[in-house]
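Shown below: model-v3.txt, with compact mmCIF, C-alpha atoms.
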```txt
# COMPACT_ATOMS: atom_id res chain seq x y z
CA MET A 1 30.12 30.52 -8.97
CA ALA A 2 30.11 32.93 -6.02
CA LEU A 3 27.88 35.92 -6.47
CA THR A 4 29.75 39.17 -7.03
CA ALA A 5 28.87 42.48 -8.64
CA VAL A 6 30.80 41.42 -11.74
CA ALA A 7 29.03 38.03 -11.93
CA LEU A 8 25.59 39.64 -11.58
CA CYS A 9 26.38 42.27 -14.21
CA SER A 10 27.77 39.62 -16.57
CA ARG A 11 24.58 37.57 -16.26
CA ALA A 12 22.53 40.69 -17.07
CA LEU A 13 24.73 41.46 -20.07
CA LEU A 14 24.37 37.90 -21.35
CA ARG A 15 20.57 38.31 -21.20
CA LEU A 16 20.99 41.24 -23.58
CA GLY A 17 23.22 39.29 -25.93
CA ALA A 18 26.20 41.47 -24.96
CA GLN A 19 29.65 40.31 -23.95
CA PRO A 20 30.12 39.55 -20.23
CA VAL A 21 32.70 41.58 -18.31
CA ALA A 22 35.70 40.34 -16.34
CA SER A 23 35.94 43.60 -14.39
CA LEU A 24 33.81 46.72 -14.02
CA ASP A 25 36.80 48.90 -14.92
CA GLU A 26 38.02 47.10 -18.04
CA GLY A 27 37.22 50.03 -20.34
CA THR A 28 34.52 48.50 -22.55
CA ALA A 29 31.10 50.08 -23.09
CA GLU A 30 29.49 47.16 -21.24
CA ALA A 31 31.78 47.60 -18.23
CA GLU A 32 31.18 51.36 -18.12
CA VAL A 33 27.40 50.95 -18.21
CA ALA A 34 27.54 48.20 -15.57
CA ALA A 35 29.86 50.21 -13.30
CA ASN A 36 27.57 53.24 -13.42
CA LEU A 37 24.21 51.47 -13.07
CA TYR A 38 24.91 48.48 -10.80
CA ALA A 39 25.13 50.11 -7.35
CA PRO A 40 22.09 52.40 -7.64
CA THR A 41 19.97 49.59 -9.12
CA ARG A 42 21.03 47.14 -6.38
CA ASP A 43 20.31 49.67 -3.62
CA ALA A 44 16.93 50.58 -5.12
CA LEU A 45 15.85 46.92 -5.21
CA LEU A 46 17.12 46.28 -1.69
CA SER A 47 15.20 49.33 -0.42
CA ALA A 48 11.97 48.39 -2.21
CA HIS A 49 10.99 45.55 0.15
CA PRO A 50 11.84 44.44 3.71
CA TRP A 51 13.94 41.48 2.49
CA SER A 52 14.63 38.93 5.23
CA PHE A 53 18.29 38.57 4.18
CA ALA A 54 18.86 42.36 4.28
CA THR A 55 16.97 43.22 7.48
CA GLY A 56 18.89 43.85 10.66
CA GLN A 57 18.41 45.19 14.16
CA THR A 58 20.92 47.18 16.17
CA SER A 59 21.13 49.50 19.14
CA LEU A 60 22.17 52.90 17.87
CA PRO A 61 24.91 54.96 19.52
CA ARG A 62 23.59 58.24 20.90
CA LEU A 63 25.42 61.35 19.74
CA SER A 64 26.51 64.01 22.21
CA ALA A 65 25.01 66.88 20.20
CA ALA A 66 21.25 67.18 20.53
CA PRO A 67 19.09 68.01 17.50
CA PRO A 68 18.29 71.72 17.10
CA ALA A 69 14.50 71.24 17.45
CA ASP A 70 11.58 68.87 18.07
CA MET A 71 13.40 65.73 19.30
CA ALA A 72 15.59 65.34 22.39
CA HIS A 73 18.34 63.02 21.11
CA ALA A 74 20.19 62.14 17.92
CA PHE A 75 21.61 58.70 17.06
CA GLN A 76 24.12 57.62 14.41
CA LEU A 77 22.71 55.36 11.70
CA PRO A 78 24.66 52.15 11.02
CA THR A 79 27.06 51.60 8.13
CA GLY A 80 25.34 50.21 5.04
CA PHE A 81 21.97 51.64 6.14
CA LEU A 82 19.45 51.92 3.31
CA ARG A 83 16.03 52.31 4.92
CA ALA A 84 14.44 52.35 8.37
CA LEU A 85 11.60 49.92 9.07
CA SER A 86 10.89 50.74 12.73
CA ALA A 87 12.47 51.97 15.94
CA GLY A 88 11.87 51.08 19.55
CA SER A 89 13.47 50.92 22.98
CA GLY A 90 13.41 48.73 26.04
CA GLY A 91 13.86 45.44 24.20
CA ARG A 92 11.36 46.26 21.43
CA GLY A 93 12.17 46.97 17.78
CA GLY A 94 9.11 49.10 17.09
CA GLY A 95 6.51 51.49 18.43
CA MET A 96 8.66 54.59 18.93
CA PRO A 97 8.14 57.88 17.09
CA TYR A 98 11.32 58.89 15.27
CA ARG A 99 12.54 60.99 12.38
CA LEU A 100 15.48 60.61 9.99
CA HIS A 101 17.60 63.67 9.20
CA GLU A 102 20.75 63.42 7.09
CA ASP A 103 22.62 60.38 8.45
CA LYS A 104 21.03 60.53 11.91
CA LEU A 105 17.91 59.22 13.60
CA GLN A 106 16.19 61.58 16.02
CA ALA A 107 13.97 60.45 18.89
CA ASP A 108 12.91 61.52 22.36
CA SER A 109 14.09 58.24 23.93
CA THR A 110 17.58 57.89 25.45
CA SER A 111 18.13 54.55 23.68
CA VAL A 112 16.99 53.27 20.29
CA THR A 113 16.82 49.82 18.74
CA LEU A 114 16.51 50.21 14.97
CA THR A 115 15.06 47.64 12.58
CA TYR A 116 16.39 48.52 9.15
CA ILE A 117 17.34 47.45 5.64
CA PHE A 118 21.10 47.26 5.08
CA ARG A 119 23.32 46.56 2.08
CA PRO A 120 24.54 42.94 2.40
CA ASP A 121 27.43 41.47 0.48
CA GLU A 122 26.41 39.99 -2.88
CA SER A 123 27.41 36.53 -1.68
CA ALA A 124 24.47 36.72 0.80
CA PHE A 125 21.87 37.30 -1.96
CA PRO A 126 19.47 34.34 -2.18
CA PRO A 127 18.77 32.96 -5.67
CA PHE A 128 15.32 34.59 -5.93
CA PHE A 129 16.75 38.07 -5.26
CA ALA A 130 19.76 37.54 -7.52
CA GLN A 131 17.42 36.56 -10.36
CA ALA A 132 15.27 39.67 -9.82
CA LEU A 133 18.38 41.87 -9.70
CA VAL A 134 19.79 40.36 -12.91
CA ALA A 135 16.46 40.93 -14.68
CA ARG A 136 16.36 44.56 -13.53
CA LEU A 137 20.00 45.12 -14.48
CA ALA A 138 19.32 43.74 -17.98
CA ALA A 139 16.46 46.21 -18.32
CA GLU A 140 18.60 49.10 -17.06
CA PHE A 141 21.53 48.16 -19.34
CA CYS A 142 19.35 47.71 -22.43
CA LEU A 143 18.80 51.29 -23.55
CA PRO A 144 22.40 52.51 -23.19
CA LEU A 145 23.81 49.41 -24.90
CA THR A 146 21.21 48.58 -27.57
CA GLU A 147 19.25 51.86 -27.98
CA SER A 148 16.09 49.77 -28.30
CA ALA A 149 13.27 51.37 -26.31
CA SER A 150 10.79 48.59 -27.11
CA ARG A 151 13.21 45.91 -25.94
CA ALA A 152 13.96 47.89 -22.77
CA GLU A 153 10.23 48.23 -22.07
CA MET A 154 9.76 44.48 -22.45
CA LEU A 155 12.72 43.81 -20.14
CA PHE A 156 11.32 46.18 -17.51
CA ARG A 157 8.02 44.24 -17.57
CA LEU A 158 9.91 40.96 -17.14
CA ALA A 159 11.96 42.49 -14.32
CA GLU A 160 8.80 43.61 -12.53
CA ASN A 161 7.45 40.04 -12.74
CA GLU A 162 10.72 38.68 -11.33
CA MET A 163 10.58 41.25 -8.52
CA ARG A 164 6.97 40.33 -7.70
CA SER A 165 7.94 36.66 -7.53
CA ALA A 166 10.99 37.40 -5.35
CA ARG A 167 8.90 39.48 -2.91
CA LEU A 168 6.36 36.66 -2.67
CA ILE A 169 9.04 34.05 -1.95
CA ASP A 170 10.73 36.27 0.63
CA SER A 171 7.45 37.13 2.36
CA GLN A 172 6.67 33.44 2.84
CA GLN A 173 9.81 32.95 4.95
CA ASP A 174 8.35 34.57 8.05
CA THR A 175 5.35 34.26 10.33
CA PRO A 176 2.57 36.47 8.97
CA ARG A 177 2.17 39.66 10.94
CA ALA A 178 -0.84 39.71 13.24
CA ILE A 179 -3.08 42.73 13.41
CA GLU A 180 -2.04 44.33 16.69
CA HIS A 181 -4.41 47.28 16.94
CA PHE A 182 -7.59 47.45 14.92
CA PRO A 183 -10.15 50.05 16.03
CA LEU A 184 -13.21 47.98 15.13
CA ILE A 185 -12.04 45.09 17.31
CA ASP A 186 -10.94 47.41 20.13
CA VAL A 187 -14.43 48.96 20.30
CA ARG A 188 -16.01 45.57 20.91
CA GLY A 189 -14.06 45.23 24.14
```

Output the file's structure as C-alpha cells, nothing else.
Amino acid sequence: MALTAVALCSRALLRLGAQPVASLDEGTAEAEVAANLYAPTRDALLSAHPWSFATGQTSLPRLSAAPPADMAHAFQLPTGFLRALSAGSGGRGGGMPYRLHEDKLQADSTSVTLTYIFRPDESAFPPFFAQALVARLAAEFCLPLTESASRAEMLFRLAENEMRSARLIDSQQDTPRAIEHFPLIDVRG
C-alpha cells in the first residue's frame, strides 16, 4: 500500500484499537482527531532531525527589498521549508552567517545556497520514518480518543524509542562528519 496521510493515520488508529479511517474528513471522531493532529505531528518529527530523505539544497532567489537592519540582502525561503541546516555561497552549502526572519533568510552575501529540511510527500517516507511517525501519531491520538493518560504515556515512551531507532538508521546512511575546526588540534600546528 502506498503511504498517504490517511494510511499512516489508519495504522496509528489500529495501534490504539480504534477503527481506521477512509478519509480525514469522514466526520467520525477518529477522522477529526487525525485531521487535526497529523500535519503538526508530521512536521515536528521531520524538523527534529536532519533526515536524509527530507534534506535538500537550493539557491535562494534574492528579493529586491533589503532588510531594514543588520543584513544587506533578503532571500525567499523555498516552498515546503521546515528548518534551515546551513547556508553558504560560492558552491558551498555552509559557513555563511545568516538569520531567518518570517519567511525570509537574511545574509550579507549576494547569493545563498541553503541546506534545509523540507516537507516531502508521504510516499517518499522510508519505512523507519513511517514506523516512528505511526508510533508518535498513536501516542498523540490516544488521549483524545481513549482518555487514558497512562496508556498515552506508555505510547509516548514507545514512540520515543521508535524515533531513536529511526534517527540511528538514518544517520548511518551518510559518511560521518569529520571535525573541520578543533582549537586543540589547530594550536598544535

Residue nearest Leu100 (chain A) among A:Ala5, A:Glu122, A:Arg164, A:Phe75 (counting all atoms listed in the file): A:Phe75

For a test of reading the model, state the distance in Å between CA of Phe118 (chain A) and CA of Pro176 (chain A), rounded to one decimal.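 According to the coordinates, CA of Phe118 (chain A) and CA of Pro176 (chain A) are separated by 21.8 Å.
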
List the neighbours of region 45-52 of chain A out to 12 Å using all atoms listed in the file; skip same-chain residues closer than 6 positions along the sequence, and give me the result as a compact mmCIF listing (two decimals) with C-alpha atoms, keeping the file's coordinate frame.
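Saved file around.txt follows:
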```txt
# COMPACT_ATOMS: atom_id res chain seq x y z
CA TYR A 38 24.91 48.48 -10.80
CA ALA A 39 25.13 50.11 -7.35
CA GLY A 80 25.34 50.21 5.04
CA PHE A 81 21.97 51.64 6.14
CA LEU A 82 19.45 51.92 3.31
CA ARG A 83 16.03 52.31 4.92
CA ALA A 84 14.44 52.35 8.37
CA LEU A 85 11.60 49.92 9.07
CA SER A 86 10.89 50.74 12.73
CA THR A 115 15.06 47.64 12.58
CA TYR A 116 16.39 48.52 9.15
CA ILE A 117 17.34 47.45 5.64
CA PHE A 118 21.10 47.26 5.08
CA ARG A 119 23.32 46.56 2.08
CA PRO A 120 24.54 42.94 2.40
CA ASP A 121 27.43 41.47 0.48
CA GLU A 122 26.41 39.99 -2.88
CA ALA A 124 24.47 36.72 0.80
CA PHE A 125 21.87 37.30 -1.96
CA PRO A 126 19.47 34.34 -2.18
CA PHE A 128 15.32 34.59 -5.93
CA PHE A 129 16.75 38.07 -5.26
CA ALA A 130 19.76 37.54 -7.52
CA GLN A 131 17.42 36.56 -10.36
CA ALA A 132 15.27 39.67 -9.82
CA LEU A 133 18.38 41.87 -9.70
CA VAL A 134 19.79 40.36 -12.91
CA ALA A 135 16.46 40.93 -14.68
CA ARG A 136 16.36 44.56 -13.53
CA LEU A 137 20.00 45.12 -14.48
CA ALA A 159 11.96 42.49 -14.32
CA GLU A 160 8.80 43.61 -12.53
CA GLU A 162 10.72 38.68 -11.33
CA MET A 163 10.58 41.25 -8.52
CA ARG A 164 6.97 40.33 -7.70
CA ALA A 166 10.99 37.40 -5.35
CA ARG A 167 8.90 39.48 -2.91
CA LEU A 168 6.36 36.66 -2.67
CA ILE A 169 9.04 34.05 -1.95
CA ASP A 170 10.73 36.27 0.63
CA SER A 171 7.45 37.13 2.36
CA GLN A 172 6.67 33.44 2.84
CA GLN A 173 9.81 32.95 4.95
CA ASP A 174 8.35 34.57 8.05
CA THR A 175 5.35 34.26 10.33
```

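For the pair CA of Leu63 (chain A) and CA of Gly95 (chain A), the separation is 21.4 Å.
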
Coordinates-based distance that separates CA of Phe53 (chain A) from CA of Cys142 (chain A) (Å, one decimal): 28.2 Å

Report as a PyMOL selection string all protein, DNA and RNA residues lying within 12 Å of region 24-35 of chain A, evaluated on only C-alpha atoms, omitting residues in the same chain fewer than 2 positions from it. chain A and resi 4-14+16-22+37-42+134+136-146

Take region 64-85 of chain A, model N, CA and C atoms, and hand the result over as a compact mmCIF listing (two decimals), keeping the file's coordinate frame.
```
# COMPACT_ATOMS: atom_id res chain seq x y z
N SER A 64 26.48 63.03 21.12
CA SER A 64 26.51 64.01 22.21
C SER A 64 25.74 65.27 21.86
N ALA A 65 25.74 65.67 20.61
CA ALA A 65 25.01 66.88 20.20
C ALA A 65 23.53 66.56 20.01
N ALA A 66 22.70 67.36 20.65
CA ALA A 66 21.25 67.18 20.53
C ALA A 66 20.76 67.84 19.24
N PRO A 67 19.66 67.36 18.69
CA PRO A 67 19.09 68.01 17.50
C PRO A 67 18.66 69.44 17.83
N PRO A 68 18.65 70.32 16.83
CA PRO A 68 18.29 71.72 17.10
C PRO A 68 16.83 71.92 17.52
N ALA A 69 15.91 71.03 17.12
CA ALA A 69 14.50 71.24 17.45
C ALA A 69 13.73 69.92 17.45
N ASP A 70 12.60 69.91 18.10
CA ASP A 70 11.58 68.87 18.07
C ASP A 70 11.91 67.58 18.83
N MET A 71 13.06 66.99 18.64
CA MET A 71 13.40 65.73 19.30
C MET A 71 14.55 65.96 20.28
N ALA A 72 14.61 65.13 21.32
CA ALA A 72 15.59 65.34 22.39
C ALA A 72 16.98 64.78 22.09
N HIS A 73 17.04 63.68 21.30
CA HIS A 73 18.34 63.02 21.11
C HIS A 73 18.54 62.65 19.64
N ALA A 74 19.82 62.57 19.27
CA ALA A 74 20.19 62.14 17.92
C ALA A 74 21.05 60.88 18.04
N PHE A 75 20.89 59.97 17.07
CA PHE A 75 21.61 58.70 17.06
C PHE A 75 22.24 58.49 15.69
N GLN A 76 23.42 57.88 15.67
CA GLN A 76 24.12 57.62 14.41
C GLN A 76 23.54 56.38 13.74
N LEU A 77 23.19 56.51 12.46
CA LEU A 77 22.71 55.36 11.70
C LEU A 77 23.85 54.42 11.38
N PRO A 78 23.59 53.12 11.26
CA PRO A 78 24.66 52.15 11.02
C PRO A 78 25.24 52.23 9.60
N THR A 79 26.42 51.69 9.44
CA THR A 79 27.06 51.60 8.13
C THR A 79 26.25 50.67 7.23
N GLY A 80 26.09 51.02 5.98
CA GLY A 80 25.34 50.21 5.04
C GLY A 80 23.84 50.41 5.14
N PHE A 81 23.38 51.36 5.95
CA PHE A 81 21.97 51.64 6.14
C PHE A 81 21.34 52.09 4.83
N LEU A 82 20.19 51.51 4.50
CA LEU A 82 19.45 51.92 3.31
C LEU A 82 18.08 52.50 3.65
N ARG A 83 17.38 51.87 4.62
CA ARG A 83 16.03 52.31 4.92
C ARG A 83 15.63 51.84 6.32
N ALA A 84 14.94 52.71 7.05
CA ALA A 84 14.44 52.35 8.37
C ALA A 84 13.09 51.64 8.23
N LEU A 85 12.89 50.61 9.03
CA LEU A 85 11.60 49.92 9.07
C LEU A 85 10.83 50.30 10.33
```
